[in-house]
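Here is query09.txt, consisting of compact mmCIF, C-alpha atoms:
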# COMPACT_ATOMS: atom_id res chain seq x y z
CA MET A 10 -33.80 85.30 -19.28
CA THR A 11 -32.75 81.92 -18.19
CA THR A 12 -30.39 79.92 -20.33
CA GLU A 13 -30.87 76.26 -20.99
CA GLY A 14 -27.67 75.34 -19.18
CA ASN A 15 -28.86 77.06 -16.02
CA ASP A 16 -32.39 75.64 -16.05
CA PRO A 17 -32.54 72.93 -13.33
CA SER A 18 -35.49 71.32 -15.05
CA SER A 19 -33.37 70.68 -18.15
CA GLU A 20 -30.69 68.63 -16.31
CA GLU A 21 -30.82 64.86 -16.79
CA PRO A 22 -31.51 62.75 -13.67
CA GLY A 23 -28.41 61.17 -12.09
CA PHE A 24 -27.59 57.45 -12.47
CA THR A 25 -28.20 55.35 -9.36
CA PHE A 26 -26.58 51.87 -8.88
CA HIS A 27 -28.00 49.34 -6.45
CA ASP A 28 -25.64 46.51 -5.53
CA LYS A 29 -27.99 43.55 -5.01
CA ARG A 30 -25.32 40.91 -4.74
CA ARG A 31 -25.87 38.67 -1.70
CA VAL A 32 -22.14 38.02 -1.38
CA ASP A 33 -19.87 40.94 -0.59
CA PRO A 34 -17.17 40.88 -3.38
CA GLU A 35 -14.55 42.36 -1.01
CA THR A 36 -15.09 40.30 2.17
CA GLY A 37 -16.71 37.20 0.64
CA GLU A 38 -19.34 37.23 3.41
CA LEU A 39 -23.08 36.80 2.91
CA ARG A 40 -24.92 40.07 3.18
CA PRO A 41 -28.09 40.22 5.32
CA GLU A 42 -31.29 39.79 3.41
CA ALA A 43 -33.18 42.95 2.57
CA ASP A 44 -36.71 43.55 1.46
CA PRO A 45 -36.62 43.54 -2.35
CA GLN A 46 -39.32 46.24 -2.52
CA SER A 47 -37.61 48.63 -0.10
CA ALA A 48 -34.12 48.10 -1.58
CA SER A 49 -35.04 48.58 -5.24
CA GLY A 50 -38.43 50.26 -5.12
CA GLU A 51 -39.75 47.47 -7.34
CA SER A 52 -42.25 44.77 -6.56
CA GLY A 53 -43.59 41.75 -8.29
CA GLU A 54 -42.35 38.41 -9.51
CA GLY A 55 -40.05 39.85 -12.15
CA ALA A 56 -37.88 41.75 -9.65
CA ASP A 57 -37.59 38.72 -7.32
CA THR A 58 -36.52 36.51 -10.21
CA GLU A 59 -33.77 38.92 -11.27
CA GLU A 60 -32.42 39.11 -7.72
CA VAL A 61 -32.33 35.31 -7.33
CA LEU A 62 -30.54 34.89 -10.63
CA ALA A 63 -28.05 37.59 -9.68
CA ASP A 64 -27.36 35.93 -6.32
CA ALA A 65 -26.84 32.53 -7.89
CA SER A 66 -24.44 34.01 -10.42
CA ASP A 67 -22.47 35.69 -7.65
CA LEU A 68 -22.06 32.33 -5.85
CA GLY A 69 -20.92 30.58 -9.00
CA VAL A 70 -23.93 28.22 -8.95
CA GLU A 71 -25.49 27.15 -12.22
CA ILE A 72 -29.21 26.56 -11.89
CA PRO A 73 -30.46 24.01 -14.44
CA ALA A 74 -33.53 24.84 -16.45
CA ASP A 75 -35.18 21.62 -15.25
CA ALA A 76 -34.28 20.58 -11.70
CA SER A 77 -36.89 17.84 -11.47
CA SER A 78 -34.20 15.15 -11.80
CA LEU A 79 -32.64 16.23 -8.49
CA ASN A 80 -33.99 14.55 -5.39
CA ASP A 81 -33.33 14.66 -1.69
CA THR A 82 -31.56 11.28 -1.69
CA GLU A 83 -28.85 12.37 -4.13
CA ALA A 84 -28.46 15.74 -2.40
CA ALA A 85 -27.91 13.97 0.93
CA GLY A 86 -24.97 12.00 -0.49
CA SER A 87 -26.65 8.58 -0.33
CA GLU A 88 -26.26 5.79 -2.87
CA PRO A 89 -27.37 6.95 -6.33
CA ALA A 90 -30.45 5.48 -7.88
CA PRO A 91 -29.87 2.15 -9.69
CA GLY A 92 -29.46 2.57 -13.42
CA SER A 93 -28.50 6.24 -13.17
CA GLU A 94 -25.30 7.67 -14.61
CA ALA A 95 -24.00 8.33 -11.10
CA ALA A 96 -24.57 4.68 -10.18
CA ALA A 97 -22.61 3.56 -13.25
CA HIS A 98 -19.69 5.83 -12.32
CA LEU A 99 -19.75 4.55 -8.73
CA ALA A 100 -19.67 0.94 -9.94
CA ASP A 101 -16.68 1.73 -12.18
CA LEU A 102 -14.89 3.40 -9.27
CA LYS A 103 -15.46 0.38 -7.01
CA ARG A 104 -14.22 -1.99 -9.71
CA ILE A 105 -11.07 0.06 -10.31
CA ASN A 106 -10.42 0.22 -6.56
CA ALA A 107 -10.73 -3.57 -6.25
CA GLU A 108 -8.42 -4.14 -9.24
CA TYR A 109 -5.83 -1.76 -7.78
CA ALA A 110 -5.93 -3.52 -4.39
CA ALA A 111 -5.41 -6.89 -6.11
CA TYR A 112 -2.53 -5.43 -8.13
CA ARG A 113 -0.88 -4.12 -4.94
CA MET A 114 -1.10 -7.56 -3.34
CA ARG A 115 0.41 -9.26 -6.39
CA ALA A 116 3.19 -6.68 -6.57
CA ASP A 117 4.03 -7.16 -2.89
CA ARG A 118 4.18 -10.94 -3.31
CA GLU A 119 6.38 -10.66 -6.38
CA ARG A 120 8.71 -8.23 -4.62
CA GLU A 121 9.03 -10.55 -1.61
CA ARG A 122 9.62 -13.56 -3.87
CA ALA A 123 12.33 -11.70 -5.77
CA SER A 124 14.02 -10.64 -2.55
CA VAL A 125 14.07 -14.20 -1.18
CA GLY A 126 15.28 -15.56 -4.52
CA GLY A 127 18.20 -13.13 -4.57
CA THR A 128 19.26 -14.08 -1.03
CA VAL A 129 19.04 -17.80 -1.82
CA LYS A 130 21.33 -17.41 -4.84
CA VAL A 131 23.92 -15.60 -2.73
CA VAL A 132 23.85 -18.29 -0.02
CA GLU A 133 24.08 -21.08 -2.61
CA ALA A 134 27.27 -19.44 -3.89
CA LEU A 135 28.62 -19.23 -0.33
CA VAL A 136 27.82 -22.83 0.67
CA PRO A 137 31.18 -24.27 -0.55
CA VAL A 138 33.00 -21.55 1.39
CA LEU A 139 30.94 -22.29 4.48
CA ASP A 140 31.79 -25.99 4.19
CA GLU A 141 35.49 -25.14 4.07
CA VAL A 142 35.11 -22.90 7.10
CA ARG A 143 33.41 -25.68 9.03
CA LEU A 144 36.21 -28.14 8.22
CA ALA A 145 38.76 -25.58 9.35
CA GLN A 146 36.87 -25.13 12.62
CA GLU A 147 36.81 -28.87 13.24
CA ASN A 148 40.57 -29.05 12.64
CA GLY A 149 41.26 -26.11 14.97
CA ASP A 150 42.50 -23.86 12.22
CA VAL A 151 40.04 -21.07 12.92
CA SER A 152 41.45 -18.75 15.56
CA GLY A 153 42.41 -15.13 16.13
CA PRO A 154 41.19 -12.51 13.64
CA PHE A 155 40.09 -15.21 11.21
CA GLU A 156 37.68 -16.60 13.79
CA ALA A 157 36.17 -13.13 14.29
CA HIS A 158 35.56 -12.81 10.52
CA VAL A 159 33.92 -16.22 10.42
CA ASN A 160 31.58 -15.30 13.26
CA LYS A 161 30.64 -12.07 11.48
CA LEU A 162 29.81 -14.04 8.34
CA ILE A 163 27.54 -16.42 10.27
CA ASP A 164 25.85 -13.50 12.04
CA ALA A 165 25.28 -11.71 8.72
CA LEU A 166 23.57 -14.78 7.29
CA ALA A 167 21.39 -15.06 10.40
CA LYS A 168 20.29 -11.43 10.01
CA VAL A 169 18.83 -12.14 6.57
CA GLY A 170 17.04 -15.23 7.87
CA VAL A 171 19.51 -17.96 6.84
CA GLU A 172 19.81 -20.76 9.39
CA GLN A 173 22.37 -23.54 9.59
CA TYR A 174 20.92 -26.82 10.87
CA GLY A 175 21.77 -30.47 11.36
CA ALA A 176 23.04 -32.06 14.56
CA VAL A 177 23.77 -35.52 15.89
CA GLY A 178 20.70 -36.99 17.56
CA ASP A 179 18.17 -35.30 15.28
CA GLU A 180 15.39 -37.49 13.95
CA PHE A 181 15.97 -38.13 10.28
CA ASP A 182 13.63 -36.22 8.01
CA PRO A 183 13.95 -36.84 4.27
CA HIS A 184 12.69 -33.31 3.62
CA LEU A 185 15.55 -31.83 5.67
CA HIS A 186 18.34 -34.41 5.43
CA GLU A 187 20.19 -36.25 2.72
CA ALA A 188 21.33 -39.66 3.97
CA LEU A 189 24.81 -40.44 2.64
CA MET A 190 25.27 -43.39 4.98
CA GLN A 191 22.93 -45.79 6.78
CA GLN A 192 23.55 -48.47 9.36
CA PRO A 193 21.35 -50.54 11.63
CA SER A 194 21.35 -49.93 15.38
CA ASP A 195 19.52 -51.38 18.35
CA GLU A 196 19.94 -48.10 20.23
CA VAL A 197 17.39 -46.13 18.22
CA GLU A 198 13.68 -46.59 17.72
CA VAL A 199 13.37 -44.22 14.77
CA PRO A 200 15.85 -43.25 12.03
CA THR A 201 18.33 -40.94 13.78
CA VAL A 202 21.26 -38.80 12.64
CA PHE A 203 24.50 -40.08 14.13
CA MET A 204 26.92 -38.14 11.90
CA VAL A 205 26.78 -34.73 10.21
CA MET A 206 29.02 -34.63 7.18
CA GLN A 207 27.82 -31.26 5.90
CA PRO A 208 25.27 -29.04 7.69
CA GLY A 209 22.15 -27.86 5.95
CA TYR A 210 21.04 -24.31 5.28
CA ARG A 211 17.49 -23.01 5.08
CA MET A 212 15.65 -19.74 4.90
CA GLY A 213 12.30 -20.00 6.58
CA ASP A 214 10.59 -23.03 5.08
CA ARG A 215 12.83 -23.05 2.01
CA ILE A 216 15.72 -25.52 2.02
CA ILE A 217 18.81 -24.05 0.40
CA ARG A 218 20.96 -27.16 0.91
CA ALA A 219 19.82 -30.28 2.75
CA ALA A 220 22.03 -31.49 5.59
CA ARG A 221 24.16 -34.43 4.48
CA VAL A 222 24.22 -36.97 7.28
CA GLY A 223 24.75 -40.54 8.34
CA VAL A 224 21.63 -42.27 9.67
CA GLN A 225 21.10 -45.13 12.07
CA GLN A 226 18.10 -47.30 11.32
CA PRO A 227 16.36 -49.31 14.06
CA GLU A 228 16.93 -53.07 13.74
CA ASP A 229 13.96 -55.18 12.70
Would you give me this structure, written as structure tokens?
Amino acid sequence: MTTEGNDPSSEEPGFTFHDKRRVDPETGELRPEADPQSASGESGEGADTEEVLADASDLGVEIPADASSLNDTEAAGSEPAPGSEAAAHLADLKRINAEYAAYRMRADRERERASVGGTVKVVEALVPVLDEVRLAQENGDVSGPFEAHVNKLIDALAKVGVEQYGAVGDEFDPHLHEALMQQPSDEVEVPTVFMVMQPGYRMGDRIIRAARVGVQQPED
């Protein structure tokens, strides 16, 4: 007599698992395509649909129910269609980019203006000291270590773009000179500086202090 536990016909069939994922979960590589009928023993549209959905899920791709709105132009990365949501977002991005570029330009100009303004204030405070140094030089009182310090001061001003100007023989320019004295002369054909009482200082095109000079005017 054969017991039920020993009857082979009474044993339940074993469970078989077919891994149909196109992407290998361990290596991340795409598996070679296999015939759906030979791999699963199933045929028909239903089996193919399940395999496609499984593959898309493995790749993390969400397939919309209606893909009719997708076209080859958008997939190729070209300009989106006018009036579409993508076109609106692109227009906003271009506008923001233009506003940011304009902001950067304004910020750079303001930073440069502030830097120049700070240097000008420092030089304006130093102008009386520079006038005293010049008088000492003319009187021969600048020598030895003191002369070296004076030269370093002038060099430091030159490094930040500050220039001292004004010399005898220069043509008088009311934008650069302040005439404290005038006298006629038959030796000049145009108004000419014949005496520099205090030199001028400028930084680029900006006049910090106009040169104070005596001017000879041509005789009529």
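Closest to Glu141 (chain A) among A:Gln192, A:Glu228, A:Leu185, A:Pro208 is A:Pro208, based on all atoms listed in the file.
Residues in contact with Met206 (chain A) at 10 Å, where all atoms listed in the file are counted and same-chain residues fewer than 4 positions away are skipped, are listed as Asp140, Leu144, Gly175, Ala176, Ala188, Leu189, Met190, Ala220, Arg221, Val222 and Gly223 of chain A.
Taking CA of Val224 (chain A) and CA of Val151 (chain A) as endpoints, the distance between them is 28.3 Å.
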Set up a box along x, y and z of the file covering all listed atoms of region 105-116 of chain A, add 6 Å on every one of the six sides, and write the centre and edge lengths in Å to one decimal, as AutoDock Vina command-line options.
--center_x -3.9 --center_y -4.5 --center_z -6.8 --size_x 26.3 --size_y 21.5 --size_z 19.0
### Task
Would you list the contacts of Phe155 (chain A) as number ranges by chain, taking every protein, DNA or RNA residue within 12 Å and counting only C-alpha atoms, but skipping same-chain residues closer than 5 positions in sequence?
A: 142, 145-146, 149-150, 160-162
#### Entry: A:His158, A:Arg218, A:Arg104, A:Arg118 ranked by distance to Lys130 (chain A), top pick (using only C-alpha atoms)
A:Arg218
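Closest approach to Pro193 (chain A) among A:Ala107, A:Gln225, A:Leu135, A:Pro89: A:Gln225, based on only C-alpha atoms.
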### Task
Quick one: residues within 10 Å of (18.3, -48.1, 12.4) (file frame), counting only C-alpha atoms, please, as number ranges by chain.
A: 191-202, 224-229
### Query
Near Val125 (chain A), within 10 Å and counting only C-alpha atoms, which residues show up once chain neighbours fewer than 4 positions away are dropped, as a count of residues only?
10
### Task
Record the distance separating CA of His186 (chain A) and CA of Glu156 (chain A), expressed in Å with one decimal.
27.6 Å
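Distance-wise, CA of Gly126 (chain A) and CA of Ile217 (chain A) end up 10.4 Å apart.
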